[in-house]
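What follows is the content of query08.tsv, which has TSV, C-alpha atoms:
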chain	number	residue	atom	x	y	z
A	1	MET	CA	93.79	136.03	90.32
A	2	ALA	CA	94.12	138.60	87.55
A	3	GLU	CA	97.12	136.87	85.98
A	4	LEU	CA	95.38	133.48	86.10
A	5	GLN	CA	92.19	134.62	84.39
A	6	GLY	CA	94.13	136.31	81.60
A	7	LEU	CA	96.35	133.30	81.03
A	8	GLY	CA	93.43	130.88	80.89
A	9	ALA	CA	91.70	133.04	78.31
A	10	ALA	CA	94.85	133.32	76.15
A	11	LEU	CA	95.57	129.58	75.96
A	12	SER	CA	93.79	127.42	73.39
A	13	GLU	CA	92.21	124.11	74.45
A	14	ALA	CA	95.11	122.14	72.91
A	15	GLU	CA	97.66	124.28	74.70
A	16	LYS	CA	95.81	123.85	77.98
A	17	ALA	CA	96.14	120.09	77.51
A	18	GLY	CA	99.86	120.34	76.71
A	19	VAL	CA	100.96	122.45	79.64
A	20	GLU	CA	100.29	122.26	83.37
A	21	ILE	CA	99.55	125.51	85.18
A	22	VAL	CA	100.45	125.19	88.85
A	23	ALA	CA	99.28	128.13	90.95
A	24	VAL	CA	100.83	128.53	94.42
A	25	SER	CA	99.28	130.84	97.03
A	26	PRO	CA	98.95	131.04	100.80
A	27	ASP	CA	95.14	130.87	100.46
A	28	PRO	CA	93.19	127.75	101.27
A	29	ASN	CA	92.44	126.78	97.69
A	30	GLU	CA	88.83	125.56	97.69
A	31	HIS	CA	87.69	128.98	96.54
A	32	SER	CA	90.34	129.29	93.82
A	33	GLN	CA	89.63	125.78	92.53
A	34	LEU	CA	85.89	126.50	92.34
A	35	LEU	CA	86.58	129.71	90.46
A	36	ALA	CA	88.95	127.93	88.05
A	37	GLU	CA	86.35	125.25	87.36
A	38	ARG	CA	83.70	127.88	86.75
A	39	LEU	CA	86.03	129.70	84.34
A	40	ARG	CA	86.96	126.30	82.81
A	41	LEU	CA	90.65	126.78	83.48
A	42	GLY	CA	92.76	123.64	83.89
A	43	TYR	CA	94.78	124.80	86.87
A	44	ARG	CA	96.23	122.93	89.80
A	45	PHE	CA	95.92	125.18	92.83
A	46	VAL	CA	98.30	124.28	95.62
A	47	ALA	CA	98.37	125.79	99.10
A	48	ASP	CA	101.52	127.11	100.75
A	49	PRO	CA	99.82	128.51	103.89
A	50	ASP	CA	103.02	129.25	105.86
A	51	LEU	CA	104.90	130.38	102.70
A	52	ALA	CA	107.59	127.72	103.32
A	53	VAL	CA	108.03	126.96	99.61
A	54	THR	CA	107.61	130.61	98.57
A	55	ARG	CA	110.34	131.51	101.06
A	56	ARG	CA	112.66	128.75	99.78
A	57	TYR	CA	112.21	130.24	96.30
A	58	GLY	CA	113.15	133.69	97.60
A	59	LEU	CA	109.75	135.11	96.60
A	60	VAL	CA	108.43	136.61	99.83
A	61	HIS	CA	107.37	140.25	99.95
A	62	ALA	CA	108.07	140.90	103.64
A	63	ARG	CA	105.18	142.62	105.47
A	64	GLY	CA	103.55	143.36	102.11
A	65	GLY	CA	100.07	142.17	103.10
A	66	GLU	CA	97.06	144.21	104.07
A	67	HIS	CA	97.70	143.60	107.78
A	68	GLY	CA	101.49	143.69	107.61
A	69	GLU	CA	101.84	139.95	107.05
A	70	ASP	CA	104.30	138.40	104.59
A	71	VAL	CA	102.82	137.68	101.15
A	72	PRO	CA	104.17	136.15	97.93
A	73	ARG	CA	105.81	138.38	95.40
A	74	PRO	CA	103.75	137.94	92.19
A	75	THR	CA	105.90	135.70	89.98
A	76	THR	CA	105.38	133.62	86.84
A	77	VAL	CA	107.86	130.95	85.72
A	78	VAL	CA	107.81	128.85	82.54
A	79	LEU	CA	109.52	125.44	82.91
A	80	ASP	CA	110.27	123.25	79.91
A	81	ARG	CA	109.61	119.50	79.80
A	82	ALA	CA	112.99	118.85	81.48
A	83	GLY	CA	112.00	121.08	84.41
A	84	VAL	CA	114.43	123.88	83.49
A	85	VAL	CA	113.42	127.56	83.82
A	86	ARG	CA	112.99	129.04	80.35
A	87	TRP	CA	111.18	132.29	81.17
A	88	LEU	CA	110.82	134.26	84.35
A	89	TRP	CA	108.84	137.30	85.45
A	90	VAL	CA	109.02	138.74	88.98
A	91	SER	CA	106.91	141.77	89.93
A	92	ASP	CA	108.41	144.92	91.45
A	93	ASN	CA	104.99	146.62	91.89
A	94	PHE	CA	102.08	144.65	93.32
A	95	GLN	CA	99.58	146.24	90.96
A	96	VAL	CA	101.42	144.78	87.96
A	97	ARG	CA	101.12	141.21	86.63
A	98	PRO	CA	102.76	139.59	83.61
A	99	ASP	CA	101.07	140.14	80.27
A	100	PRO	CA	99.36	136.82	79.43
A	101	ASN	CA	100.49	137.18	75.82
A	102	GLU	CA	104.13	137.28	76.91
A	103	VAL	CA	103.66	134.13	78.98
A	104	LEU	CA	101.95	132.53	76.01
A	105	ARG	CA	104.85	133.46	73.74
A	106	ALA	CA	107.28	131.85	76.20
A	107	VAL	CA	105.18	128.66	76.30
A	108	ARG	CA	104.95	128.51	72.49
A	109	ALA	CA	108.72	129.04	72.20
A	110	LEU	CA	109.44	125.81	74.16
B	1	MET	CA	82.71	181.08	82.94
B	2	ARG	CA	85.77	179.45	81.32
B	3	SER	CA	87.09	178.85	84.81
B	4	GLY	CA	83.98	176.78	85.57
B	5	TRP	CA	84.35	174.68	82.44
B	6	LEU	CA	88.00	173.97	83.19
B	7	ALA	CA	87.21	173.03	86.80
B	8	ALA	CA	84.47	170.66	85.58
B	9	LEU	CA	86.78	169.16	82.94
B	10	SER	CA	89.49	168.62	85.55
B	11	LEU	CA	87.07	166.68	87.80
B	12	LEU	CA	85.81	164.72	84.78
B	13	VAL	CA	89.36	163.67	83.85
B	14	SER	CA	89.98	162.49	87.46
B	15	ALA	CA	86.71	160.56	87.68
B	16	GLY	CA	87.31	159.09	84.21
B	17	ALA	CA	90.78	157.88	85.19
B	18	ILE	CA	89.48	156.20	88.36
B	19	ALA	CA	86.56	154.57	86.51
B	20	ALA	CA	88.71	153.39	83.58
B	21	TYR	CA	91.36	151.87	85.86
B	22	ALA	CA	88.77	150.12	88.05
B	23	LEU	CA	86.70	148.82	85.13
B	24	LEU	CA	89.61	147.76	82.92
B	25	LEU	CA	91.73	146.12	85.64
B	26	ARG	CA	91.56	142.82	83.76
B	27	VAL	CA	93.06	144.33	80.63
B	28	ALA	CA	96.81	143.71	80.95
B	29	ALA	CA	97.73	146.94	79.11
B	30	VAL	CA	95.75	148.99	81.67
B	31	ARG	CA	96.65	146.99	84.78
B	32	ASN	CA	100.35	146.99	83.96
B	33	HIS	CA	100.58	150.75	83.53
B	34	PRO	CA	99.34	152.13	86.85
B	35	GLU	CA	101.44	155.25	86.21
B	36	GLY	CA	98.64	156.07	83.72
B	37	TYR	CA	96.23	157.11	86.49
B	38	VAL	CA	98.99	159.22	88.10
B	39	ALA	CA	99.52	160.99	84.75
B	40	ALA	CA	95.75	161.57	84.42
B	41	PHE	CA	95.64	163.13	87.93
B	42	ALA	CA	98.58	165.38	86.95
B	43	ILE	CA	96.68	166.56	83.84
B	44	ALA	CA	93.55	167.13	85.97
B	45	ALA	CA	95.52	169.16	88.54
B	46	THR	CA	97.02	171.28	85.74
B	47	LEU	CA	93.54	171.98	84.35
B	48	ALA	CA	92.32	172.93	87.83
B	49	GLY	CA	95.35	175.21	88.26
B	50	LEU	CA	94.40	176.95	84.98
B	51	ALA	CA	90.83	177.26	86.22
B	52	VAL	CA	92.06	179.04	89.36
B	53	ALA	CA	94.29	181.32	87.27
B	54	LEU	CA	91.31	182.31	85.07
B	55	GLY	CA	88.93	183.00	87.94
B	56	ARG	CA	89.49	182.60	91.65
B	57	ARG	CA	86.13	180.99	92.33
B	58	TRP	CA	85.33	178.47	95.04
B	59	TYR	CA	84.69	175.70	92.50
B	60	ALA	CA	88.09	176.23	90.85
B	61	TRP	CA	89.82	176.04	94.25
B	62	THR	CA	87.78	172.94	95.16
B	63	ALA	CA	88.82	171.22	91.93
B	64	LEU	CA	92.45	172.16	92.54
B	65	VAL	CA	92.50	170.83	96.11
B	66	LEU	CA	90.70	167.60	95.10
B	67	THR	CA	92.96	166.87	92.13
B	68	LEU	CA	96.12	167.65	94.12
B	69	VAL	CA	95.01	165.22	96.85
B	70	LEU	CA	94.38	162.56	94.16
B	71	LEU	CA	97.73	163.26	92.51
B	72	LEU	CA	99.68	163.06	95.77
B	73	GLY	CA	97.76	159.99	96.97
B	74	GLY	CA	98.02	158.20	93.61
B	75	ALA	CA	101.71	158.95	93.18
B	76	THR	CA	102.52	157.84	96.76
B	77	PHE	CA	100.54	154.63	96.29
B	78	ASN	CA	102.04	153.72	92.92
B	79	PHE	CA	105.63	154.82	93.40
B	80	VAL	CA	106.10	154.06	97.12
B	81	LEU	CA	103.46	151.81	98.72
B	82	ALA	CA	102.96	149.40	95.79
B	83	ARG	CA	106.70	148.89	95.27
B	84	ILE	CA	108.11	145.51	96.20
B	85	PRO	CA	111.71	145.80	97.42
B	86	VAL	CA	114.14	143.88	95.23
B	87	SER	CA	115.35	140.67	96.83
B	88	PRO	CA	117.31	137.80	95.25
B	89	SER	CA	115.22	134.80	94.20
B	90	ASN	CA	116.33	131.20	93.70
B	91	LEU	CA	115.09	131.22	90.12
B	92	HIS	CA	117.47	131.45	87.19
B	93	VAL	CA	116.80	130.99	83.50
B	94	GLY	CA	118.62	127.82	82.40
B	95	SER	CA	118.49	126.08	85.82
B	96	PRO	CA	115.82	123.91	87.41
B	97	PRO	CA	114.08	125.53	90.41
B	98	PRO	CA	114.04	123.79	93.81
B	99	ASP	CA	111.46	120.99	93.89
B	100	PHE	CA	108.50	121.10	96.28
B	101	THR	CA	105.54	119.00	97.31
B	102	LEU	CA	102.35	120.83	98.31
B	103	PRO	CA	98.73	119.71	98.68
B	104	ASP	CA	96.14	120.76	96.07
B	105	ALA	CA	92.53	121.69	96.82
B	106	GLY	CA	91.52	118.03	96.77
B	107	GLY	CA	94.23	117.07	99.28
B	108	ARG	CA	96.44	115.34	96.67
B	109	SER	CA	100.17	116.07	96.62
B	110	VAL	CA	101.62	118.03	93.72
B	111	SER	CA	105.38	117.99	92.98
B	112	LEU	CA	107.31	119.61	90.19
B	113	ALA	CA	109.00	116.20	89.76
B	114	ASP	CA	105.60	114.78	88.68
B	115	TYR	CA	105.89	116.71	85.42
B	116	ARG	CA	109.59	116.30	84.67
B	117	GLY	CA	109.99	114.58	81.29
B	118	LYS	CA	106.23	114.76	80.70
B	119	LYS	CA	104.83	118.28	80.47
B	120	PRO	CA	106.01	121.88	80.53
B	121	VAL	CA	104.79	123.77	83.61
B	122	VAL	CA	103.71	127.38	84.11
B	123	LEU	CA	104.35	128.01	87.79
B	124	VAL	CA	102.48	131.02	89.19
B	125	PHE	CA	103.00	132.49	92.65
B	126	TYR	CA	100.05	134.73	93.45
B	127	ARG	CA	98.66	136.50	96.48
B	128	GLY	CA	95.30	134.78	96.70
B	129	TYR	CA	91.90	136.05	95.67
B	130	TRP	CA	93.41	138.82	93.53
Would you mind writing the file's structure down as structure tokens?
Amino acid sequence: MAELQGLGAALSEAEKAGVEIVAVSPDPNEHSQLLAERLRLGYRFVADPDLAVTRRYGLVHARGGEHGEDVPRPTTVVLDRAGVVRWLWVSDNFQVRPDPNEVLRAVRAL
Amino acid sequence: MRSGWLAALSLLVSAGAIAAYALLLRVAAVRNHPEGYVAAFAIAATLAGLAVALGRRWYAWTALVLTLVLLLGGATFNFVLARIPVSPSNLHVGSPPPDFTLPDAGGRSVSLADYRGKKPVVLVFYRGYW
């Protein structure tokens, strides 16, 4: 969630209206959605419980979970209006998340 | 006496590094430089080593053992356990990613295609609650 909170705080209201933030995780998303609403973040949380989509994207960290289960590799992608990747950040250390200001810069550069 | 002060300082540096990292985890500059706490433990272990050199007291040895354990543990965690092995992804700047349809929290379907031609999208893959 760290990356999501930072991003929501960095975006202005107008920018939040002009861009859709789609957050994919294996979690059932009721909790995330409640948290987003409490933090007033306009996110769409979608659930990928078996990591099928995450796997298709090549973003699985094999056996990286607390109990040796597969988990997503923290990744942030900026897509332009045409649906083309314009900016990409993939983590190589699970403690590290993209700097919200860098994501913001990529969004403003569209 | 100087040995005691150095031992205390070494423990203070360790505790400070742990507290700062835990409390400032939401600050991107802190979160994204976990090697910072490893460096702090290395400084603390050096101070404890100096404390032992100045006076071979039990507290100096205690500080040295504690800070070395923190340094080894922190370095192993950050440089080995927290590493994610590099694997090729299907994402490339300049190309569209594969489309998907997944349910949102309200049970409605969300597709990347819904936004094509309408809105830019920030797509975030995250691990869940953190």
Please, which residues in chain A fall within 8 Å of chain B when counting all atoms listed in the file, and what is the closest atom pair and distance in Å to one decimal for each, ordered by chain then residue number, as a Markdown table?
| residue | atom | partner | partner_atom | distance |
| --- | --- | --- | --- | --- |
| A:Met1 | CA | B:Trp130 | CA | 4.3 |
| A:Ala2 | CA | B:Trp130 | CA | 6.0 |
| A:Gly6 | CA | B:Arg26 | CA | 7.3 |
| A:Gly18 | CA | B:Lys119 | CA | 6.6 |
| A:Val19 | CA | B:Pro120 | CA | 5.2 |
| A:Glu20 | CA | B:Val121 | CA | 4.8 |
| A:Ile21 | CA | B:Val122 | CA | 4.7 |
| A:Val22 | CA | B:Leu123 | CA | 4.9 |
| A:Ala23 | CA | B:Val124 | CA | 4.7 |
| A:Val24 | CA | B:Phe125 | CA | 4.9 |
| A:Ser25 | CA | B:Tyr126 | CA | 5.3 |
| A:Pro26 | CA | B:Gly128 | CA | 6.6 |
| A:Asp27 | CA | B:Gly128 | CA | 5.4 |
| A:Pro28 | CA | B:Ala105 | CA | 7.5 |
| A:Asn29 | CA | B:Ala105 | CA | 5.2 |
| A:Glu30 | CA | B:Ala105 | CA | 5.4 |
| A:Ser32 | CA | B:Tyr129 | CA | 7.2 |
| A:Gln33 | CA | B:Ala105 | CA | 6.6 |
| A:Arg44 | CA | B:Asp104 | CA | 6.6 |
| A:Phe45 | CA | B:Asp104 | CA | 5.5 |
| A:Val46 | CA | B:Asp104 | CA | 4.2 |
| A:Ala47 | CA | B:Pro103 | CA | 6.1 |
| A:Asp48 | CA | B:Leu102 | CA | 6.8 |
| A:Val53 | CA | B:Phe100 | CA | 6.8 |
| A:Thr54 | CA | B:Phe125 | CA | 7.7 |
| A:Arg56 | CA | B:Asn90 | CA | 7.5 |
| A:Tyr57 | CA | B:Asn90 | CA | 5.0 |
| A:Gly58 | CA | B:Ser89 | CA | 4.1 |
| A:Leu59 | CA | B:Ser89 | CA | 6.0 |
| A:His61 | CA | B:Ile84 | CA | 6.5 |
| A:Gly64 | CA | B:Ile84 | CA | 7.8 |
| A:Val71 | CA | B:Arg127 | CA | 6.4 |
| A:Pro72 | CA | B:Arg127 | CA | 5.7 |
| A:Arg73 | CA | B:Phe125 | CA | 7.1 |
| A:Pro74 | CA | B:Tyr126 | CA | 5.1 |
| A:Thr75 | CA | B:Phe125 | CA | 5.1 |
| A:Thr76 | CA | B:Val124 | CA | 4.5 |
| A:Val77 | CA | B:Leu123 | CA | 5.0 |
| A:Val78 | CA | B:Val122 | CA | 4.6 |
| A:Leu79 | CA | B:Val121 | CA | 5.1 |
| A:Asp80 | CA | B:Pro120 | CA | 4.5 |
| A:Arg81 | CA | B:Pro120 | CA | 4.4 |
| A:Ala82 | CA | B:Gly117 | CA | 5.2 |
| A:Gly83 | CA | B:Arg116 | CA | 5.4 |
| A:Val84 | CA | B:Pro96 | CA | 4.2 |
| A:Val85 | CA | B:Val93 | CA | 4.8 |
| A:Arg86 | CA | B:Val93 | CA | 5.3 |
| A:Trp87 | CA | B:Val93 | CA | 6.2 |
| A:Leu88 | CA | B:Val93 | CA | 6.9 |
| A:Ser91 | CA | B:Ile84 | CA | 7.4 |
| A:Asp92 | CA | B:Ile84 | CA | 4.8 |
| A:Asn93 | CA | B:Arg83 | CA | 4.4 |
| A:Phe94 | CA | B:Ala82 | CA | 5.4 |
| A:Gln95 | CA | B:Ala82 | CA | 6.7 |
| A:Val96 | CA | B:Asn32 | CA | 4.7 |
| A:Arg97 | CA | B:Asn32 | CA | 6.4 |
| A:Pro98 | CA | B:Ala28 | CA | 7.7 |
| A:Asp99 | CA | B:Ala28 | CA | 5.6 |
| A:Pro100 | CA | B:Ala28 | CA | 7.5 |
List the neighbours of stretch 63-71 of chain B out to 10 Å using all atoms listed in the file; skip same-chain residues closer than 5 positions along the sequence, and give me the result as a PDB file with C-alpha atoms, in the frame of the given file.
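part06.pdb written:
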ATOM      1  CA  GLY B   4      83.980 176.780  85.570  1.00  0.00           C
ATOM      2  CA  LEU B   6      88.000 173.970  83.190  1.00  0.00           C
ATOM      3  CA  ALA B   7      87.210 173.030  86.800  1.00  0.00           C
ATOM      4  CA  ALA B   8      84.470 170.660  85.580  1.00  0.00           C
ATOM      5  CA  LEU B   9      86.780 169.160  82.940  1.00  0.00           C
ATOM      6  CA  SER B  10      89.490 168.620  85.550  1.00  0.00           C
ATOM      7  CA  LEU B  11      87.070 166.680  87.800  1.00  0.00           C
ATOM      8  CA  VAL B  13      89.360 163.670  83.850  1.00  0.00           C
ATOM      9  CA  SER B  14      89.980 162.490  87.460  1.00  0.00           C
ATOM     10  CA  ALA B  15      86.710 160.560  87.680  1.00  0.00           C
ATOM     11  CA  ILE B  18      89.480 156.200  88.360  1.00  0.00           C
ATOM     12  CA  TYR B  37      96.230 157.110  86.490  1.00  0.00           C
ATOM     13  CA  VAL B  38      98.990 159.220  88.100  1.00  0.00           C
ATOM     14  CA  ALA B  39      99.520 160.990  84.750  1.00  0.00           C
ATOM     15  CA  ALA B  40      95.750 161.570  84.420  1.00  0.00           C
ATOM     16  CA  PHE B  41      95.640 163.130  87.930  1.00  0.00           C
ATOM     17  CA  ALA B  42      98.580 165.380  86.950  1.00  0.00           C
ATOM     18  CA  ILE B  43      96.680 166.560  83.840  1.00  0.00           C
ATOM     19  CA  ALA B  44      93.550 167.130  85.970  1.00  0.00           C
ATOM     20  CA  ALA B  45      95.520 169.160  88.540  1.00  0.00           C
ATOM     21  CA  THR B  46      97.020 171.280  85.740  1.00  0.00           C
ATOM     22  CA  LEU B  47      93.540 171.980  84.350  1.00  0.00           C
ATOM     23  CA  ALA B  48      92.320 172.930  87.830  1.00  0.00           C
ATOM     24  CA  GLY B  49      95.350 175.210  88.260  1.00  0.00           C
ATOM     25  CA  LEU B  50      94.400 176.950  84.980  1.00  0.00           C
ATOM     26  CA  ALA B  51      90.830 177.260  86.220  1.00  0.00           C
ATOM     27  CA  VAL B  52      92.060 179.040  89.360  1.00  0.00           C
ATOM     28  CA  TRP B  58      85.330 178.470  95.040  1.00  0.00           C
ATOM     29  CA  THR B  76     102.520 157.840  96.760  1.00  0.00           C
ATOM     30  CA  PHE B  77     100.540 154.630  96.290  1.00  0.00           C
TER      31      PHE B  77
END
Could you tell me how far atom CA of A:Glu66 sits from atom CA of B:Ala75, in Å to one decimal place?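 Computed distance, atom CA of B:Ala75 to atom CA of A:Glu66, equals 18.9 Å.
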What gap, in Å, lies between atom CA of B:Leu23 and atom CA of A:Leu7?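 It comes out at 18.7 Å.
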Length of the atom CA of B:Ala22 to atom CA of A:Gly65 vector [Å]: 20.4 Å
Around all the atoms of stretch 76-82 of chain B listed in the file, with 8 Å of room on each side, what axis-aligned box do you get, giving centre and edge lengths in Å to one decimal, as AutoDock Vina command-line options?
--center_x 103.3 --center_y 153.6 --center_z 95.8 --size_x 21.6 --size_y 24.4 --size_z 21.8
Which of these, A:Ala62, A:Pro49, A:Ala10, A:Glu69, has the shortest distance to A:Val103 once you count all atoms listed in the file?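 Closest to A:Val103 of all the choices is A:Ala10.
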